Amino acid sequence: MNTQSPLSRRFGRAVAASGISALLAVGMLTATPAVAAPPRVDNPFAGATNYVNPDYAALVNTSIAAASTESAKRKMRTIQTYPTAVWMDRIAAIAGGASNGGRRSLEGHLDAALAQKKAGVPMTVQIVIYDLPGRDCAALASNGELPLTAAGLQRYKTEYIDAIAAVFAKPKFADLRITTVVEVDGLPNLVTNVASDPDCQLAKSSGIQVKAMQYALDKLGAIPNVYNYMDIAHSGWLGWDNNLTPTVQLYTDLVRGTAGGFGNVSGFATNTSNYTPTAEPFLTDPEKIVGGVPVKSDPKFYEYNPRFDESDFTASLYSAFVAAGWPADIGMIVDTSRNGWGGSKRPTAVSSSTNVSTYVAESKIDQRNHRGAWCNLSGAGMGAAPQASPAGFASSHLDAFVWVKPPGESDGASSTIPNNEGKAADPMCDPTFNAPVLMGQKTGALPNAPLAGYWFGAQFAMLVGNAFPAIPEAGGPTQPGDTTAPTAPTALRVTATTATSVSLSWTASTDNVGVSGYSVYRGTTPVAGATVIGTTATVPGLTPDTAYSFRVEAKDSAGNRSAPSAAVSVRTATSPGGGGSGSCTATYAVTNSWSGGFVADVTVTNPGPTATKSWTVGWTLASGQAITNMWSASNRISGAQVTVSNAEYNGAIAPGAAATFGFQGTGAGAAGSPLTCTATR
Ligand code: BGC
C-alpha cells in the first residue's frame, strides 16, 4: 500500500548501484551487480505469483498417504499448490535445521521462492513475525520463548528482528515482495484483555510489547521490498464500536511513534488463525428487526457486536484508519484458511424464526456456539483459496485473501506436552471444558490435538472435507518431494460391448517408466468394478442401451496419477448377443470432437459361435448431424436414418472377433438413437 519509501533509502540504493556499475565500466569488478529493488507497489499481491512452502506440502503428503478416498487425496494435492505463510515463531526458526524440527531456514525459504519465481513475474513471500516478549498473554497455547522483561525485549531486537532483517535485506532477495504479518494477537490483547488478565496488564504497563513492535516495524519497514501488515484480530473480537475506537487509537499511536511512521505499514491482517467467516450470506443487516429487536442484539452470539464478518470489519477498519490520518492506500488481508464453514451443516437459506437467537443460530454459517472459541474448531472447513484483490468487497479495500495459518497445523493442545517453545496446555483446546469466556459453553475443540503449530492430521482431513467453496481436485502432483506424475494414456477406444458391459483398450505413453497400473473413470468417478489387465479393461454392470463416457488414468506405485486420457463415449449394445444367426452387437464411440464436428468409430462384434458373412448397422442421426465421410464400410442415408453395410473385406467376422468402421460428421457426436446390428451367417 505505501508507495512512498523514505527518500534517504531510495537515494542510498541508487548510489550503491551506480557505484558498482562505475567500477564494472573500468573493468575492476566482475561480480554480478545486486538486483535493484523495484519501487513498492500499492498491493504486493496484485499480479504476483506466491511462494508455495515445500515444508508445508511435505506435511500435506503425510495426510495424502492416510486419506481414505481418492477425491480427498486429489483435493489435498490441490492444496499443495496453494501459498501459505511461513511462521518465524521462535528464534530457532530463522536458522532452521535440527533445532527447529528439520524445517528449512528463513534464507532457505527465500531461496526456494527465488527458484519458484518466473522471470518478469513478481513473487510474494508471506512471513509471520511472531515472537513477542510475553507472547499470547491472554492464553496459554502459544506462549512464546521470550519473557516480558527488558532482557526479553533486547533478545527480540537483536536475536530475532535484526536476524530476520539481515536475511530480508540480502541483495539477492531484492526482487521478491516480502509480506509480513506482524505479531498476531499482540496489540488486540492490549485493547481488550488488560483489565481481565494480569499478564496482559503487565504487557501493556511495561510498554515492552509496544516497543518491540515499533522496533520490528522500523527495522523491517526500512527494507524497500518488505510490506508490513499489522495483525488486528477479527470482527468477533474487536468489532464492537467501543472496541474499535481504542483499537484505532492504539495502532495509530504506536505507528506514529516509529521513525518511519505510516510508511512502515502497508495495511492490516485480520482473522489470522481464526475461523470468522468473510461474509455471513444470510445475515447481512445487523439492524434488521426480528421478534421486535435488531439481529445484532442476539444475546447468544452477536451480543450487540454489529460486525458479523470480516468484510464488515475490514470496511469499518479502513474508514476509521483513514479518518485517523492513515494514507488512503492502506489495504487489508484476510486469513481465509479455515473460515469456509461448508459441509452438511451449512445453512442454505435464511431462518424464518421470529426468535432472534433461533434466527441467528439457524442462519449463520459460523458453527461456533460462541465467537470467542478459537482452538481446533470442530466442523470448520477451509475458506476461499488465496487470491489477490478478491472481487465483491470494494469498501473493504482487500489486498488479498491469504492462508496465514497453514491449515492442518494445530492451534494448541489441552494436555501438557513437554517442549522448549514455551507452549502450554490450554483449556480452550479441551472439548470437555465449559469455558467462562464462552458463557459456560463448550469450546468446540477437536480432541487429541498436538501442540500449537504441529501437524494435526484429523483436523486437516476435516478442513478439506468441509471446505467452502469445495477444493478442486487436482489431476496430479506438482510439488517438490512428489515424484513426477505418469503421462496420460492415449488412443482410448472401445473394443467390444455387450448390453451390460464395455471393453476398452488404450496405448501406454512410451515415457512411462514407473507406471504400476491404470484406473478407469466414468465421468469423474472411478469405476470400482473394472477389471484392468495391461492396457485393456472390462467394465461390467452397465445399464443396457445407455450412453457412457470413459477415461483412463495411469498411476505409479507412489500413488501419483496422470492427467486423464481423452474421453471415449459409448452406448451399450442393444442387439441381443447369444449367437443367434442374425445377431451381432454394435458400439458407437466418439473418438474426437471439436466445435461443430466429430469423428466416431463403430465396432461390430460377433458374439459367436459361427463367423458372419455380412453385417448391417443402423441408427438415426441426432438433430443437426450429418455424415461427411466414412471409411471401412458403406452407408445409405434416408432422412435421419443411417444404414451401414460392411466393406467387401470386413463382412466376415470370426466368433468373438470384431470389425470397425469410422466416419466423420458435422454437429455434435452422440448418436440419435440406439444402434441395431444384424448379421448373415
Ligand atoms: C503456533 C506457531 C505456529 C503457528 C502456525 C501458532 O499457533 O504457536 O508455533 O507456527 O500457529 O501454525
# chains A, B, ... in the order shown; residues from 1 in each chain; ligands from 1
>>> residues_around(residues="range 71-81 of chain A", least_positions_apart="6", cutoff="12 Å", atoms="only C-alpha atoms", output="NGL selection string")
:A and (49-65 or 116 or 337 or 382-386 or 403 or 406-408 or 457 or 460-467 or 469-482 or 485 or 524-526 or 559-563)
>>> closest_atom_pairs(of="chain A", to="ligand 1", cutoff="9 Å", atoms="only C-alpha atoms and all ligand atoms", output="JSON lines")
{"residue": "A:Ala85", "atom": "CA", "partner": "ligand 1", "partner_atom_place_in_ligand_line": "5 (C)", "distance": 8.3}
{"residue": "A:Val86", "atom": "CA", "partner": "ligand 1", "partner_atom_place_in_ligand_line": "10 (O)", "distance": 7.6}
{"residue": "A:Trp87", "atom": "CA", "partner": "ligand 1", "partner_atom_place_in_ligand_line": "10 (O)", "distance": 4.8}
{"residue": "A:Met88", "atom": "CA", "partner": "ligand 1", "partner_atom_place_in_ligand_line": "10 (O)", "distance": 6.9}
{"residue": "A:Asp89", "atom": "CA", "partner": "ligand 1", "partner_atom_place_in_ligand_line": "9 (O)", "distance": 5.2}
{"residue": "A:Arg90", "atom": "CA", "partner": "ligand 1", "partner_atom_place_in_ligand_line": "9 (O)", "distance": 7.7}
{"residue": "A:Val128", "atom": "CA", "partner": "ligand 1", "partner_atom_place_in_ligand_line": "10 (O)", "distance": 8.4}
{"residue": "A:Tyr130", "atom": "CA", "partner": "ligand 1", "partner_atom_place_in_ligand_line": "2 (C)", "distance": 7.9}
{"residue": "A:Asp136", "atom": "CA", "partner": "ligand 1", "partner_atom_place_in_ligand_line": "8 (O)", "distance": 8.8}
{"residue": "A:Ala141", "atom": "CA", "partner": "ligand 1", "partner_atom_place_in_ligand_line": "8 (O)", "distance": 6.8}
{"residue": "A:Ser142", "atom": "CA", "partner": "ligand 1", "partner_atom_place_in_ligand_line": "8 (O)", "distance": 4.2}
{"residue": "A:Asn143", "atom": "CA", "partner": "ligand 1", "partner_atom_place_in_ligand_line": "8 (O)", "distance": 7.3}
{"residue": "A:Gly144", "atom": "CA", "partner": "ligand 1", "partner_atom_place_in_ligand_line": "8 (O)", "distance": 7.5}
{"residue": "A:Val184", "atom": "CA", "partner": "ligand 1", "partner_atom_place_in_ligand_line": "6 (C)", "distance": 8.9}
{"residue": "A:Ser273", "atom": "CA", "partner": "ligand 1", "partner_atom_place_in_ligand_line": "11 (O)", "distance": 7.2}
{"residue": "A:Val404", "atom": "CA", "partner": "ligand 1", "partner_atom_place_in_ligand_line": "5 (C)", "distance": 7.8}
{"residue": "A:Lys405", "atom": "CA", "partner": "ligand 1", "partner_atom_place_in_ligand_line": "5 (C)", "distance": 5.2}
{"residue": "A:Pro406", "atom": "CA", "partner": "ligand 1", "partner_atom_place_in_ligand_line": "12 (O)", "distance": 5.7}
{"residue": "A:Pro407", "atom": "CA", "partner": "ligand 1", "partner_atom_place_in_ligand_line": "12 (O)", "distance": 7.6}
{"residue": "A:Gly408", "atom": "CA", "partner": "ligand 1", "partner_atom_place_in_ligand_line": "12 (O)", "distance": 7.9}
{"residue": "A:Glu409", "atom": "CA", "partner": "ligand 1", "partner_atom_place_in_ligand_line": "12 (O)", "distance": 4.6}
{"residue": "A:Ser410", "atom": "CA", "partner": "ligand 1", "partner_atom_place_in_ligand_line": "12 (O)", "distance": 6.2}
{"residue": "A:Asp411", "atom": "CA", "partner": "ligand 1", "partner_atom_place_in_ligand_line": "7 (O)", "distance": 4.8}
{"residue": "A:Gly412", "atom": "CA", "partner": "ligand 1", "partner_atom_place_in_ligand_line": "7 (O)", "distance": 6.5}
{"residue": "A:Glu421", "atom": "CA", "partner": "ligand 1", "partner_atom_place_in_ligand_line": "9 (O)", "distance": 8.0}
{"residue": "A:Lys423", "atom": "CA", "partner": "ligand 1", "partner_atom_place_in_ligand_line": "8 (O)", "distance": 7.3}
{"residue": "A:Leu451", "atom": "CA", "partner": "ligand 1", "partner_atom_place_in_ligand_line": "1 (C)", "distance": 8.0}
{"residue": "A:Ala452", "atom": "CA", "partner": "ligand 1", "partner_atom_place_in_ligand_line": "1 (C)", "distance": 4.5}
{"residue": "A:Gly453", "atom": "CA", "partner": "ligand 1", "partner_atom_place_in_ligand_line": "12 (O)", "distance": 3.7}
{"residue": "A:Tyr454", "atom": "CA", "partner": "ligand 1", "partner_atom_place_in_ligand_line": "12 (O)", "distance": 6.8}
{"residue": "A:Trp455", "atom": "CA", "partner": "ligand 1", "partner_atom_place_in_ligand_line": "12 (O)", "distance": 8.3}
>>> write_last_selection(atoms="C-alpha atoms", output="JSON list (two decimals), in the first residue's frame")
[["chain", "number", "residue", "atom", "x", "y", "z"],
["A", 85, "ALA", "CA", 2.63, -18.23, 5.27],
["A", 86, "VAL", "CA", 5.90, -19.23, 6.90],
["A", 87, "TRP", "CA", 5.86, -18.57, 10.64],
["A", 88, "MET", "CA", 9.00, -17.28, 12.32],
["A", 89, "ASP", "CA", 7.59, -18.45, 15.65],
["A", 90, "ARG", "CA", 10.92, -18.64, 17.51],
["A", 128, "VAL", "CA", 4.71, -14.16, 10.07],
["A", 130, "TYR", "CA", 5.63, -13.96, 15.93],
["A", 136, "ASP", "CA", -0.07, -14.76, 23.85],
["A", 141, "ALA", "CA", -1.37, -22.43, 23.83],
["A", 142, "SER", "CA", 1.16, -20.20, 22.07],
["A", 143, "ASN", "CA", 3.11, -18.65, 24.91],
["A", 144, "GLY", "CA", 6.49, -17.94, 23.42],
["A", 184, "VAL", "CA", -0.53, -12.00, 15.79],
["A", 273, "SER", "CA", -5.57, -18.28, 12.66],
["A", 404, "VAL", "CA", -1.72, -17.25, 7.01],
["A", 405, "LYS", "CA", -2.44, -20.18, 9.31],
["A", 406, "PRO", "CA", -1.31, -23.24, 7.39],
["A", 407, "PRO", "CA", -4.48, -25.35, 7.69],
["A", 408, "GLY", "CA", -3.76, -28.64, 9.47],
["A", 409, "GLU", "CA", -1.34, -27.06, 11.95],
["A", 410, "SER", "CA", -2.81, -27.27, 15.43],
["A", 411, "ASP", "CA", -3.95, -24.24, 17.44],
["A", 412, "GLY", "CA", -2.92, -25.81, 20.71],
["A", 421, "GLU", "CA", 8.94, -23.32, 22.86],
["A", 423, "LYS", "CA", 3.77, -23.61, 24.71],
["A", 451, "LEU", "CA", 0.91, -28.67, 20.42],
["A", 452, "ALA", "CA", 0.25, -25.42, 18.56],
["A", 453, "GLY", "CA", 1.94, -25.43, 15.18],
["A", 454, "TYR", "CA", 2.28, -29.22, 14.92],
["A", 455, "TRP", "CA", 0.55, -31.32, 12.27]]
>>> atom_distance(atom1="CA of Arg104 in chain A", atom2="CA of Met332 in chain A")
28.6 Å
>>> select_by_dssp(residues="range 404-564 of chain A", states="strand (DSSP E)", output="MDAnalysis selection string")
chainID A and resid 434:435 441:442 490:497 502:507 515:522 525:526 531:533 536:539 547:556
>>> atom_distance(atom1="CA of Asp241 in chain A", atom2="CA of Pro327 in chain A")
22.0 Å
>>> residues_around(residues="Phe45 in chain A", least_positions_apart="5", cutoff="9 Å", atoms="only C-alpha atoms", output="PyMOL selection string")
chain A and resi 50+122-124+177+179+387-389+399-400
>>> write_last_selection(atoms="N, CA and C atoms", output="short mmCIF file (atom, residue, chain, number, x, y, z; two decimals), in the first residue's frame")
data_model
loop_
_atom_site.label_atom_id
_atom_site.label_comp_id
_atom_site.auth_asym_id
_atom_site.auth_seq_id
_atom_site.Cartn_x
_atom_site.Cartn_y
_atom_site.Cartn_z
N ASN A 50 2.84 -16.50 -5.89
CA ASN A 50 3.09 -16.55 -4.45
C ASN A 50 3.92 -17.78 -4.09
N PRO A 122 6.28 -10.83 -10.69
CA PRO A 122 6.59 -10.61 -9.28
C PRO A 122 6.20 -11.82 -8.43
N MET A 123 6.90 -12.00 -7.33
CA MET A 123 6.56 -13.09 -6.41
C MET A 123 6.48 -12.57 -4.99
N THR A 124 5.39 -12.91 -4.30
CA THR A 124 5.28 -12.57 -2.89
C THR A 124 5.70 -13.77 -2.04
N ARG A 177 8.76 -9.76 -3.28
CA ARG A 177 7.89 -8.92 -2.45
C ARG A 177 7.66 -9.69 -1.15
N THR A 179 6.02 -10.06 2.23
CA THR A 179 4.92 -9.51 3.03
C THR A 179 5.01 -10.12 4.42
N GLN A 387 -6.01 -15.49 -2.91
CA GLN A 387 -6.17 -14.76 -4.18
C GLN A 387 -5.99 -13.27 -3.94
N ALA A 388 -5.47 -12.59 -4.94
CA ALA A 388 -5.27 -11.14 -4.86
C ALA A 388 -6.57 -10.43 -5.18
N SER A 389 -6.76 -9.27 -4.59
CA SER A 389 -7.87 -8.36 -4.90
C SER A 389 -9.19 -9.08 -5.10
N ASP A 399 -6.52 -6.32 -0.12
CA ASP A 399 -5.39 -6.63 -1.00
C ASP A 399 -5.43 -8.10 -1.40
N ALA A 400 -5.86 -8.97 -0.49
CA ALA A 400 -5.84 -10.40 -0.81
C ALA A 400 -6.59 -11.20 0.25
#
>>> closest_residue(among="A:Phe468, A:Asn448, A:Val322, A:Trp374", to="Ala279 in chain A", atoms="only C-alpha atoms")
A:Phe468
>>> residues_around(residues="Phe550 in chain A", least_positions_apart="6", cutoff="6 Å", atoms="only C-alpha atoms", output="list in words")
Tyr521, Arg522, Ala567 and Val568 of chain A
>>> select_by_dssp(residues="range 212-242 of chain A", states="helix (DSSP H, G or I)", output="PyMOL selection string")
chain A and resi 212-221+235-238+241-242
>>> closest_residue(among="A:Lys300, A:Arg636, A:Lys157, A:His370", to="Gly618 in chain A", atoms="only C-alpha atoms")
A:Arg636
>>> atom_distance(atom1="CA of Lys296 in chain A", atom2="CA of Thr276 in chain A")
15.8 Å
